[in-house]
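Trainee: Input structure: structure-v4.txt, which contains compact mmCIF, C-alpha atoms and all ligand atoms.
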```txt
# COMPACT_ATOMS: atom_id res chain seq x y z
CA MET A 1 -12.00 12.52 144.64
CA GLN A 2 -13.40 14.23 141.57
CA GLU A 3 -12.96 17.58 143.33
CA TRP A 4 -9.25 16.77 143.76
CA ILE A 5 -8.90 16.02 140.07
CA TYR A 6 -10.59 19.38 139.17
CA LEU A 7 -8.29 21.18 141.61
CA VAL A 8 -5.12 19.64 140.12
CA ILE A 9 -6.27 20.43 136.55
CA GLY A 10 -7.09 24.04 137.63
CA ILE A 11 -3.63 24.54 139.18
CA ALA A 12 -1.98 23.08 136.06
CA VAL A 13 -3.93 25.48 133.74
CA VAL A 14 -3.07 28.52 135.88
CA GLY A 15 0.61 27.43 135.92
CA VAL A 16 0.73 27.06 132.13
CA LEU A 17 -0.93 30.48 131.65
CA ALA A 18 1.50 32.14 134.10
CA ILE A 19 4.55 30.72 132.28
CA ALA A 20 3.16 31.79 128.90
CA GLY A 21 2.55 35.35 130.19
CA PHE A 22 6.11 35.63 131.56
CA VAL A 23 7.65 34.56 128.25
CA THR A 24 5.52 37.05 126.30
CA THR A 25 6.55 39.91 128.58
CA ARG A 26 10.26 39.11 128.14
CA VAL A 27 9.94 39.25 124.37
CA ARG A 28 8.10 42.60 124.27
CA ARG A 29 10.19 44.46 126.81
CA PRO A 30 12.62 46.75 124.99
CA GLY A 31 16.02 45.20 125.40
CA ARG A 32 18.95 47.10 126.93
CA LEU A 33 22.24 46.45 125.28
CA PRO A 34 24.39 44.15 127.33
CA GLU A 35 27.15 45.96 129.20
CA LYS A 36 29.74 44.56 126.84
CA ALA A 37 28.12 46.18 123.85
CA SER A 38 29.09 49.68 125.01
CA THR A 39 32.75 48.93 124.52
CA ASP A 40 32.25 47.18 121.21
CA VAL A 41 31.47 48.76 117.91
CA ILE A 42 27.91 49.88 118.42
CA THR A 43 25.58 48.73 115.77
CA PRO A 44 22.33 50.62 115.89
CA ALA A 45 19.38 48.42 116.76
CA PRO A 46 17.36 47.62 113.70
CA SER A 47 14.67 50.23 113.25
CA THR A 48 12.02 47.57 113.12
CA THR A 49 12.44 46.98 116.87
CA VAL A 50 11.26 50.50 117.63
CA GLU A 51 7.57 50.48 118.24
CA ALA A 52 5.50 53.35 117.10
CA PRO A 53 3.76 55.00 120.04
CA THR A 54 0.09 54.24 120.09
CA ALA A 55 -0.90 57.15 122.31
CA PRO A 56 -0.96 60.63 120.81
CA PRO A 57 2.13 62.68 121.70
CA THR A 58 1.69 64.80 124.80
CA VAL A 59 4.42 67.32 123.82
CA GLU A 60 3.07 70.25 121.89
CA VAL A 61 5.11 71.41 118.94
CA GLU A 62 5.70 75.14 119.33
CA THR A 63 5.91 77.28 116.27
CA PRO A 64 9.20 79.17 116.53
CA GLU A 65 8.72 82.90 116.80
CA ALA A 66 11.19 83.32 113.96
CA SER A 67 8.69 81.96 111.47
CA ALA A 68 6.12 84.56 112.50
CA GLU A 69 8.56 87.46 112.23
CA PRO A 70 11.88 86.99 110.43
CA ALA A 71 14.87 87.52 112.70
CA ALA A 72 17.22 90.35 111.80
CA PRO A 73 20.28 88.94 110.00
CA THR A 74 23.38 88.71 112.14
CA LEU A 75 25.85 91.25 110.85
CA GLU A 76 29.43 90.24 110.26
CA THR A 77 32.34 92.14 111.78
CA PRO A 78 34.90 92.67 109.04
CA GLU A 79 38.60 92.43 109.82
CA LYS A 80 40.44 95.73 110.39
CA PRO A 81 42.34 96.59 107.21
CA ALA A 82 45.73 97.25 108.85
CA SER A 83 46.41 93.60 109.70
CA ARG A 84 45.34 92.15 106.38
CA LEU A 85 48.50 92.24 104.25
CA VAL A 86 50.43 90.46 106.98
CA ARG A 87 47.75 87.76 107.24
CA LEU A 88 47.64 87.35 103.46
CA ARG A 89 51.38 87.42 102.77
CA GLN A 90 51.59 83.71 102.04
CA ARG A 91 49.06 84.26 99.21
CA LEU A 92 51.89 85.98 97.34
CA ALA A 93 53.55 82.57 96.94
CA GLY A 94 53.29 82.86 93.15
CA SER A 95 55.17 86.13 93.14
CA ASN A 96 57.69 85.34 95.85
CA ALA A 97 59.39 82.95 93.44
CA LEU A 98 60.74 86.24 92.06
CA GLY A 99 62.19 87.26 95.43
CA ARG A 100 63.68 83.84 96.11
CA GLY A 101 65.12 83.65 92.58
CA LEU A 102 66.75 87.08 92.94
CA LEU A 103 68.19 86.22 96.34
CA GLY A 104 69.57 82.95 94.99
CA LEU A 105 71.33 84.70 92.11
CA LEU A 106 72.64 87.58 94.22
CA SER A 107 74.18 85.27 96.78
CA ARG A 108 76.41 83.58 94.20
CA ASP A 109 80.15 83.96 94.81
CA GLN A 110 80.70 85.53 91.41
CA LEU A 111 78.24 88.13 90.15
CA ASP A 112 79.30 87.77 86.52
CA GLU A 113 77.53 88.98 83.38
CA ASP A 114 75.57 85.75 83.05
CA THR A 115 74.21 86.21 86.57
CA TRP A 116 73.15 89.81 85.89
CA GLU A 117 71.45 88.69 82.72
CA ALA A 118 69.57 85.98 84.63
CA ILE A 119 68.50 88.63 87.14
CA GLU A 120 67.19 90.83 84.33
CA ASP A 121 65.27 87.91 82.83
CA LEU A 122 63.64 87.17 86.17
CA LEU A 123 62.52 90.77 86.63
CA ILE A 124 61.14 91.13 83.12
CA GLY A 125 59.40 87.74 83.45
CA ALA A 126 57.61 89.09 86.54
CA ASP A 127 56.21 92.02 84.49
CA ILE A 128 58.19 94.75 86.23
CA GLY A 129 58.84 96.36 82.84
CA VAL A 130 62.03 97.03 80.92
CA ALA A 131 62.95 100.50 82.21
CA PRO A 132 62.42 99.69 85.93
CA THR A 133 64.36 96.44 85.45
CA GLN A 134 67.36 98.24 84.01
CA GLU A 135 67.19 100.83 86.75
CA LEU A 136 67.09 98.18 89.49
CA VAL A 137 69.93 96.13 88.00
CA GLU A 138 72.06 99.26 87.62
CA ASN A 139 71.49 100.24 91.26
CA LEU A 140 72.19 96.72 92.51
CA ARG A 141 75.40 96.50 90.48
CA THR A 142 76.66 99.82 91.82
CA ARG A 143 75.73 99.20 95.41
CA LEU A 144 76.94 95.62 95.61
CA ARG A 145 80.24 96.61 93.98
CA VAL A 146 80.73 99.45 96.42
CA GLU A 147 79.34 97.80 99.53
CA GLY A 148 80.69 94.29 98.83
CA GLY A 149 78.56 91.35 97.79
CA GLN A 150 78.17 89.32 100.97
CA ALA A 151 74.96 87.27 101.00
CA ALA A 152 73.46 89.03 104.02
CA ASP A 153 74.20 92.45 102.55
CA ALA A 154 72.79 91.44 99.20
CA ARG A 155 69.47 90.67 100.84
CA ALA A 156 69.31 94.02 102.63
CA VAL A 157 70.35 95.93 99.50
CA LEU A 158 67.81 94.08 97.36
CA ARG A 159 65.07 94.78 99.90
CA GLU A 160 65.87 98.48 99.94
CA GLU A 161 66.06 98.76 96.17
CA LEU A 162 62.80 96.87 95.64
CA ILE A 163 61.01 99.11 98.12
CA ASN A 164 62.39 102.17 96.30
CA LEU A 165 61.15 100.73 93.03
CA VAL A 166 57.63 100.23 94.43
CA ASP A 167 57.91 103.81 95.71
CA PRO A 168 57.08 104.30 99.37
CA THR A 169 56.54 108.05 98.86
CA MET A 170 53.25 107.72 96.97
CA ASP A 171 50.06 108.62 98.83
CA ARG A 172 48.11 105.37 98.95
CA ALA A 173 45.24 106.43 101.19
CA LEU A 174 41.85 105.76 99.61
CA LYS A 175 40.06 109.10 99.36
CA VAL A 176 36.78 108.25 101.04
CA SER A 177 35.88 111.61 102.60
CA GLY A 178 34.18 114.54 100.93
CA ALA A 179 34.57 118.21 101.71
CA GLY A 180 32.44 119.51 104.58
CA ASP A 181 29.31 117.45 105.07
CA ALA A 182 29.38 115.92 101.58
CA PRO A 183 30.11 112.22 101.27
CA GLY A 184 33.29 110.94 99.67
CA VAL A 185 32.46 109.23 96.36
CA VAL A 186 34.50 106.27 95.15
CA LEU A 187 33.87 105.38 91.49
CA VAL A 188 35.01 101.85 90.63
CA VAL A 189 35.83 101.15 86.96
CA GLY A 190 37.53 98.52 84.81
CA VAL A 191 37.13 95.92 82.06
CA ASN A 192 34.85 92.89 82.38
CA GLY A 193 35.54 90.28 85.01
CA THR A 194 38.46 92.01 86.72
CA GLY A 195 36.64 91.85 90.06
CA LYS A 196 34.91 95.25 90.30
CA THR A 197 31.72 94.15 92.04
CA THR A 198 33.64 91.90 94.42
CA THR A 199 36.04 94.75 95.17
CA VAL A 200 33.16 97.18 95.86
CA GLY A 201 31.74 94.62 98.31
CA LYS A 202 35.12 94.25 99.97
CA ILE A 203 35.62 98.03 100.15
CA ALA A 204 32.25 98.31 101.91
CA ARG A 205 33.63 95.93 104.55
CA ILE A 206 36.80 98.00 104.93
CA LEU A 207 34.68 101.12 105.42
CA VAL A 208 32.47 99.36 107.97
CA ALA A 209 35.57 98.11 109.80
CA ASP A 210 36.68 101.74 109.94
CA GLU A 211 33.25 102.69 111.32
CA ARG A 212 32.23 104.80 108.33
CA THR A 213 28.61 105.01 107.21
CA THR A 214 28.39 103.75 103.66
CA LEU A 215 26.01 103.47 100.71
CA LEU A 216 26.60 101.36 97.61
CA ALA A 217 25.38 102.19 94.10
CA ALA A 218 24.70 99.34 91.68
CA ALA A 219 25.39 101.30 88.50
CA ASP A 220 26.24 98.07 86.69
CA THR A 221 22.78 97.89 85.14
CA PHE A 222 24.11 95.78 82.27
CA ARG A 223 24.73 92.54 84.16
CA ALA A 224 21.51 91.54 85.94
CA ALA A 225 23.25 89.57 88.68
CA ALA A 226 25.65 92.38 89.59
CA ALA A 227 23.07 94.31 91.68
CA ASP A 228 22.02 91.13 93.51
CA GLN A 229 25.66 90.28 94.09
CA LEU A 230 26.20 93.73 95.57
CA SER A 231 23.08 93.47 97.75
CA THR A 232 24.40 90.24 99.23
CA TRP A 233 27.72 91.90 100.06
CA GLY A 234 25.87 94.85 101.61
CA GLU A 235 23.44 92.75 103.67
CA ARG A 236 26.29 90.92 105.37
CA VAL A 237 27.58 94.13 106.94
CA GLY A 238 24.39 96.22 107.07
CA VAL A 239 25.16 98.48 104.11
CA GLU A 240 22.32 99.52 101.79
CA VAL A 241 22.45 99.38 98.01
CA VAL A 242 20.76 101.81 95.63
CA ARG A 243 19.76 100.05 92.45
CA GLY A 244 17.86 100.92 89.30
CA PRO A 245 15.92 98.99 86.65
CA GLU A 246 17.84 96.35 84.72
CA GLY A 247 19.24 97.88 81.55
CA GLY A 248 18.54 101.38 82.92
CA ASP A 249 20.81 104.39 82.69
CA PRO A 250 23.86 103.83 84.94
CA ALA A 251 24.43 107.57 85.30
CA SER A 252 20.93 107.95 86.73
CA VAL A 253 21.53 105.20 89.34
CA ALA A 254 24.83 106.81 90.32
CA PHE A 255 23.14 110.24 90.56
CA ASP A 256 20.31 108.89 92.74
CA ALA A 257 22.73 107.04 95.02
CA VAL A 258 24.90 110.09 95.58
CA LYS A 259 21.80 112.24 96.19
CA GLU A 260 20.60 109.68 98.73
CA GLY A 261 24.05 109.70 100.31
CA ILE A 262 23.99 113.49 100.62
CA ASP A 263 20.42 113.50 102.03
CA ARG A 264 21.27 110.85 104.61
CA GLY A 265 24.61 112.40 105.45
CA VAL A 266 26.61 109.18 104.94
CA ASP A 267 30.40 109.26 104.96
CA THR A 268 31.04 107.43 101.68
CA VAL A 269 29.17 106.33 98.55
CA VAL A 270 30.86 103.57 96.51
CA VAL A 271 29.69 103.26 92.89
CA ASP A 272 30.04 99.96 91.01
CA THR A 273 30.02 100.26 87.20
CA ALA A 274 29.62 97.74 84.41
CA GLY A 275 32.73 96.13 82.94
CA ARG A 276 33.68 97.63 79.59
CA LEU A 277 36.44 97.07 77.09
CA GLN A 278 38.69 100.05 76.69
CA ASN A 279 38.28 99.97 72.90
CA LYS A 280 34.49 100.37 72.94
CA GLN A 281 34.14 104.10 72.52
CA GLY A 282 30.39 104.23 73.29
CA LEU A 283 30.88 102.49 76.63
CA MET A 284 33.85 104.64 77.53
CA ASP A 285 31.75 107.75 76.78
CA GLU A 286 29.03 106.34 79.04
CA LEU A 287 31.57 106.06 81.86
CA GLY A 288 32.62 109.67 81.38
CA LYS A 289 28.96 110.61 81.66
CA VAL A 290 28.53 108.67 84.94
CA LYS A 291 31.33 110.71 86.47
CA ARG A 292 30.07 114.05 85.11
CA VAL A 293 26.54 113.41 86.36
CA ILE A 294 27.74 112.53 89.87
CA GLU A 295 29.83 115.69 89.93
CA LYS A 296 26.76 117.86 89.36
CA GLN A 297 26.20 117.24 93.08
CA THR A 298 29.59 116.62 94.64
CA PRO A 299 33.12 115.73 93.45
CA VAL A 300 34.18 112.14 92.93
CA THR A 301 36.97 111.80 95.50
CA GLU A 302 38.49 108.57 94.16
CA VAL A 303 38.39 106.87 90.76
CA LEU A 304 39.58 103.37 91.40
CA LEU A 305 40.63 101.27 88.43
CA VAL A 306 40.35 97.54 89.07
CA LEU A 307 43.04 95.60 87.22
CA ASP A 308 43.40 91.83 87.11
CA ALA A 309 47.06 91.10 87.96
CA THR A 310 47.04 87.95 85.84
CA THR A 311 46.43 89.85 82.60
CA GLY A 312 49.96 91.27 82.58
CA GLN A 313 50.91 93.89 80.00
CA ASN A 314 47.36 93.98 78.60
CA GLY A 315 46.31 95.53 81.90
CA LEU A 316 48.63 98.45 81.22
CA ILE A 317 46.87 99.30 77.96
CA GLN A 318 43.49 99.20 79.73
CA ALA A 319 44.84 101.39 82.50
CA LYS A 320 46.00 104.05 80.07
CA VAL A 321 42.67 104.34 78.23
CA PHE A 322 40.57 104.39 81.41
CA SER A 323 42.83 107.03 82.84
CA GLU A 324 42.26 109.28 79.84
CA VAL A 325 38.47 109.00 80.18
CA VAL A 326 37.89 109.25 83.93
CA ASP A 327 41.18 110.42 85.42
CA VAL A 328 42.06 107.38 87.52
CA THR A 329 43.42 108.23 90.98
CA GLY A 330 44.14 104.77 92.38
CA ILE A 331 44.49 101.14 91.38
CA ALA A 332 43.06 98.02 92.96
CA LEU A 333 45.13 95.10 91.73
CA THR A 334 43.06 91.94 92.07
CA LYS A 335 43.91 88.22 91.83
CA LEU A 336 47.48 88.80 92.92
CA ASP A 337 47.08 85.50 94.78
CA GLY A 338 46.88 83.64 91.47
CA SER A 339 49.72 85.47 89.78
CA ALA A 340 53.47 85.06 89.49
CA LYS A 341 53.62 88.59 88.09
CA GLY A 342 53.73 90.78 91.18
CA GLY A 343 56.02 93.09 89.24
CA ILE A 344 52.94 94.55 87.56
CA VAL A 345 52.61 96.74 90.67
CA VAL A 346 55.73 98.62 89.58
CA ALA A 347 54.88 98.70 85.88
CA VAL A 348 51.37 100.08 86.28
CA GLN A 349 52.42 102.78 88.72
CA ARG A 350 55.19 103.89 86.35
CA GLN A 351 52.88 103.87 83.37
CA LEU A 352 50.14 105.93 84.99
CA GLY A 353 51.89 107.78 87.77
CA VAL A 354 49.04 106.50 89.94
CA PRO A 355 49.56 104.39 93.07
CA VAL A 356 48.34 100.87 93.70
CA LYS A 357 46.12 101.42 96.74
CA LEU A 358 44.53 98.03 97.28
CA VAL A 359 45.52 94.46 96.45
CA GLY A 360 43.13 91.53 96.10
CA LEU A 361 44.62 88.34 97.47
CA GLY A 362 41.74 85.88 97.38
CA GLU A 363 38.01 85.32 97.18
CA GLY A 364 37.34 85.60 100.92
CA PRO A 365 35.32 88.66 102.03
CA ASP A 366 38.29 90.28 103.77
CA ASP A 367 40.94 89.26 101.24
CA LEU A 368 41.44 92.84 100.05
CA ALA A 369 44.33 94.68 101.69
CA PRO A 370 45.62 98.24 101.65
CA PHE A 371 48.87 98.11 99.71
CA ASP A 372 52.06 98.70 101.69
CA PRO A 373 55.39 98.66 99.77
CA ALA A 374 57.57 97.37 102.62
CA ALA A 375 55.15 94.60 103.64
CA PHE A 376 54.79 93.64 99.97
CA VAL A 377 58.56 93.42 99.40
CA ASP A 378 59.03 91.49 102.65
CA ALA A 379 56.41 89.00 101.44
CA LEU A 380 58.28 88.64 98.13
CA LEU A 381 61.55 87.98 99.94
CA SER A 382 60.14 85.61 102.58
N1 LIG B 401 41.46 84.74 93.43
C1 LIG B 401 40.86 85.94 93.43
N2 LIG B 401 39.68 86.09 92.80
C2 LIG B 401 39.10 87.30 92.79
C3 LIG B 401 39.71 88.42 93.39
N3 LIG B 401 38.89 89.50 93.19
C4 LIG B 401 37.82 89.04 92.50
N4 LIG B 401 37.93 87.72 92.25
C5 LIG B 401 37.01 86.87 91.51
O1 LIG B 401 36.87 87.34 90.18
C6 LIG B 401 35.60 86.96 89.66
C7 LIG B 401 34.95 88.15 88.97
O2 LIG B 401 34.58 89.08 89.94
P1 LIG B 401 33.42 90.16 89.74
O3 LIG B 401 33.47 91.05 90.93
O4 LIG B 401 32.11 89.54 89.42
O5 LIG B 401 33.96 90.91 88.45
P2 LIG B 401 33.37 92.21 87.72
O6 LIG B 401 34.55 93.00 87.29
O7 LIG B 401 32.39 92.92 88.57
O8 LIG B 401 32.65 91.55 86.49
P3 LIG B 401 31.76 92.32 85.34
O9 LIG B 401 30.67 93.04 86.06
O10 LIG B 401 31.29 91.20 84.47
O11 LIG B 401 32.68 93.22 84.63
C8 LIG B 401 34.81 86.43 90.85
O12 LIG B 401 34.81 85.03 90.81
C9 LIG B 401 35.60 86.92 92.05
O13 LIG B 401 35.46 86.09 93.19
C10 LIG B 401 41.00 88.24 94.03
O14 LIG B 401 41.63 89.15 94.56
N5 LIG B 401 41.52 86.97 94.00
```
Let me see the file written as structure tokens.
Ligand SMILES: Nc1nc2c(ncn2[C@@H]2O[C@H](COP(=O)(O)OP(=O)(O)OP(=O)(O)O)[C@@H](O)[C@H]2O)c(=O)[nH]1
Mentor:
Amino acid sequence: MQEWIYLVIGIAVVGVLAIAGFVTTRVRRPGRLPEKASTDVITPAPSTTVEAPTAPPTVEVETPEASAEPAAPTLETPEKPASRLVRLRQRLAGSNALGRGLLGLLSRDQLDEDTWEAIEDLLIGADIGVAPTQELVENLRTRLRVEGGQAADARAVLREELINLVDPTMDRALKVSGAGDAPGVVLVVGVNGTGKTTTVGKIARILVADERTTLLAAADTFRAAAADQLSTWGERVGVEVVRGPEGGDPASVAFDAVKEGIDRGVDTVVVDTAGRLQNKQGLMDELGKVKRVIEKQTPVTEVLLVLDATTGQNGLIQAKVFSEVVDVTGIALTKLDGSAKGGIVVAVQRQLGVPVKLVGLGEGPDDLAPFDPAAFVDALLS
């Protein structure tokens, strides 16, 4: 009888232990979300439910090869220059108020004196300059009188006259080739902050897009960051930069870079210079020296003056002085995207007799476009 009692107690103990074990297992087993949860907003399980693994991890962490030997930077492929002005035409929104305003006035039923005066005001307000404004108004008056002032005609006549004013006959090709085996040398000059270094970086991209071998010269030894800025531009497209000691002689950096360019047989050397105010005689003399020193080896093929389009008439005074010192051959008009004064293109060309060759239409790396009069006027009238 006693044996029976022990047996019953034994079975009861085993039963209790089995039930306890089952409950414990259910609690520890990681829970799967119920089916319904997948269609509901999923709230991540509280992190406290995740158990830290007790066993050491079996997966070995591999050291990436890149950390042993730095990978070569991936070079960018700059956009071909030909398509740029079309892509960037909407950036001329500030200036195309001029085109729209002119079209609005010219399509009035009566082109009376008040209307012609309003047209003149618009043109002068856009910095075209007094003489070109009078010339344009005179031509429009004559042609619209003779040809009849229908709205559609007025648009075509205005387009033609604006293109004539911007002058499609000027040679706007950037002179980037030297004679024989010598490299072309582009010297980039201008007052402070107009966008010289940025423009040199962007020109390097244009040259790379045109498959030309290129070397940059950081002859802006005055502003410490300028050489670094230029190196960054160069690295992105695989173009090397020759630089000298901070505060060193800019003419010496330019000389070394051009020598290097000749030795290596590159197609083009582009020389960045420090910004300088046109009324600082010492700095202007220094610029003259940079050019003379380069030309001991090979001619400078292009002297590009960088003008900030937003500075208006002040830019014209700068242009004149720079031109006297280094014989400017082309203009890069920057920040045209932030300006309502697109007419400065006409004014500066008239003042200097030198063509606008490049226009800056933004801060993006390929936002520098070769200037094309017809595409420019079409953007103004769009
Ligand atoms: N919106 C706009 N900004 C531009 C353009 N070109 C240059 N910039 C900006 O103008 C500023 C000045 O450019 P930099 O290239 O440093 O000017 P810099 O002439 O070399 O300056 P300094 O060496 O001090 O004379 C930068 O913030 C450029 O991004 C342009 O076409 N449009």
Trainee: Would you mind listing the residues within 7 Å of ligand LIG 401 (chain B), counting only C-alpha atoms and all ligand atoms, as number ranges by chain?
Mentor: A: 190-199, 220, 223, 226, 274-276, 334-338, 359-363, 367-368
Trainee: Listing only residues of stretch 268-313 of chain A within 10 Å of stretch 248-255 of chain A, what is the closest atom pair and its distance in Å (to one decimal) for each, using all atoms listed in the file, sorted by chain and residue number ascending, as a Markdown table?
Mentor:
```
| residue | atom | partner | partner_atom | distance |
| --- | --- | --- | --- | --- |
| A:Val269 | CA | A:Ala254 | CA | 9.3 |
| A:Val270 | CA | A:Ala254 | CA | 9.2 |
| A:Val271 | CA | A:Ala254 | CA | 6.5 |
| A:Asp272 | CA | A:Ala254 | CA | 8.6 |
| A:Thr273 | CA | A:Pro250 | CA | 7.5 |
| A:Ala274 | CA | A:Pro250 | CA | 8.4 |
| A:Glu286 | CA | A:Ala251 | CA | 7.9 |
| A:Leu287 | CA | A:Ala251 | CA | 8.1 |
| A:Gly288 | CA | A:Ala251 | CA | 9.3 |
| A:Lys289 | CA | A:Ala251 | CA | 6.6 |
| A:Val290 | CA | A:Ala251 | CA | 4.3 |
| A:Lys291 | CA | A:Ala251 | CA | 7.7 |
| A:Arg292 | CA | A:Ala251 | CA | 8.6 |
| A:Val293 | CA | A:Phe255 | CA | 6.3 |
| A:Ile294 | CA | A:Phe255 | CA | 5.2 |
| A:Glu295 | CA | A:Phe255 | CA | 8.7 |
| A:Lys296 | CA | A:Phe255 | CA | 8.5 |
| A:Gln297 | CA | A:Phe255 | CA | 8.0 |
| A:Thr298 | CA | A:Phe255 | CA | 9.9 |
```
Trainee: Which residues, written as a list of chain:residue names, have at least one atom at most 10 Å from A:Asp181, with all atoms listed in the file counted and residues fewer than 5 positions away on the same chain left out?
Mentor: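 Once the adjacent positions are removed, what remains is A:Ile262, A:Gly265, A:Val266, A:Asp267.
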Trainee: Would you work out the distance separating atom CA of A:Leu122 from atom CA of A:Arg143, expressed in Å to one decimal?
Mentor: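 Straight-line distance from atom CA of A:Leu122 to atom CA of A:Arg143 works out to 19.4 Å.
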Trainee: Show which residues sit within 10 Å of stretch 97-109 of chain A, as a PDB file with C-alpha atoms, in the coordinates of the input. Count only C-alpha atoms, and ignore same-chain residues fewer than 5 positions away.
Mentor:
```pdb
ATOM      1  CA  LEU A  92      51.890  85.980  97.340  1.00  0.00           C
ATOM      2  CA  THR A 115      74.210  86.210  86.570  1.00  0.00           C
ATOM      3  CA  TRP A 116      73.150  89.810  85.890  1.00  0.00           C
ATOM      4  CA  ALA A 118      69.570  85.980  84.630  1.00  0.00           C
ATOM      5  CA  ILE A 119      68.500  88.630  87.140  1.00  0.00           C
ATOM      6  CA  GLU A 120      67.190  90.830  84.330  1.00  0.00           C
ATOM      7  CA  LEU A 122      63.640  87.170  86.170  1.00  0.00           C
ATOM      8  CA  LEU A 123      62.520  90.770  86.630  1.00  0.00           C
ATOM      9  CA  GLY A 125      59.400  87.740  83.450  1.00  0.00           C
ATOM     10  CA  ALA A 126      57.610  89.090  86.540  1.00  0.00           C
ATOM     11  CA  LEU A 140      72.190  96.720  92.510  1.00  0.00           C
ATOM     12  CA  LEU A 144      76.940  95.620  95.610  1.00  0.00           C
ATOM     13  CA  GLY A 149      78.560  91.350  97.790  1.00  0.00           C
ATOM     14  CA  GLN A 150      78.170  89.320 100.970  1.00  0.00           C
ATOM     15  CA  ALA A 151      74.960  87.270 101.000  1.00  0.00           C
ATOM     16  CA  ALA A 152      73.460  89.030 104.020  1.00  0.00           C
ATOM     17  CA  ASP A 153      74.200  92.450 102.550  1.00  0.00           C
ATOM     18  CA  ALA A 154      72.790  91.440  99.200  1.00  0.00           C
ATOM     19  CA  ARG A 155      69.470  90.670 100.840  1.00  0.00           C
ATOM     20  CA  LEU A 158      67.810  94.080  97.360  1.00  0.00           C
ATOM     21  CA  ARG A 159      65.070  94.780  99.900  1.00  0.00           C
ATOM     22  CA  LEU A 162      62.800  96.870  95.640  1.00  0.00           C
ATOM     23  CA  ALA A 340      53.470  85.060  89.490  1.00  0.00           C
ATOM     24  CA  LYS A 341      53.620  88.590  88.090  1.00  0.00           C
ATOM     25  CA  GLY A 342      53.730  90.780  91.180  1.00  0.00           C
ATOM     26  CA  GLY A 343      56.020  93.090  89.240  1.00  0.00           C
ATOM     27  CA  VAL A 377      58.560  93.420  99.400  1.00  0.00           C
ATOM     28  CA  ASP A 378      59.030  91.490 102.650  1.00  0.00           C
ATOM     29  CA  ALA A 379      56.410  89.000 101.440  1.00  0.00           C
ATOM     30  CA  LEU A 380      58.280  88.640  98.130  1.00  0.00           C
ATOM     31  CA  LEU A 381      61.550  87.980  99.940  1.00  0.00           C
ATOM     32  CA  SER A 382      60.140  85.610 102.580  1.00  0.00           C
TER      33      SER A 382
END
```
Trainee: Using Å and a single decimal, report how far atom CA of A:Val345 sits from atom CA of A:Asp167.
Mentor: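 Going from atom CA of A:Asp167 over to atom CA of A:Val345 covers 10.2 Å.
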Trainee: What does the distance from atom CA of A:Ser231 to atom CA of A:Leu215 come to in Å, to one decimal?
Mentor: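 These atoms are spaced 10.8 Å apart.
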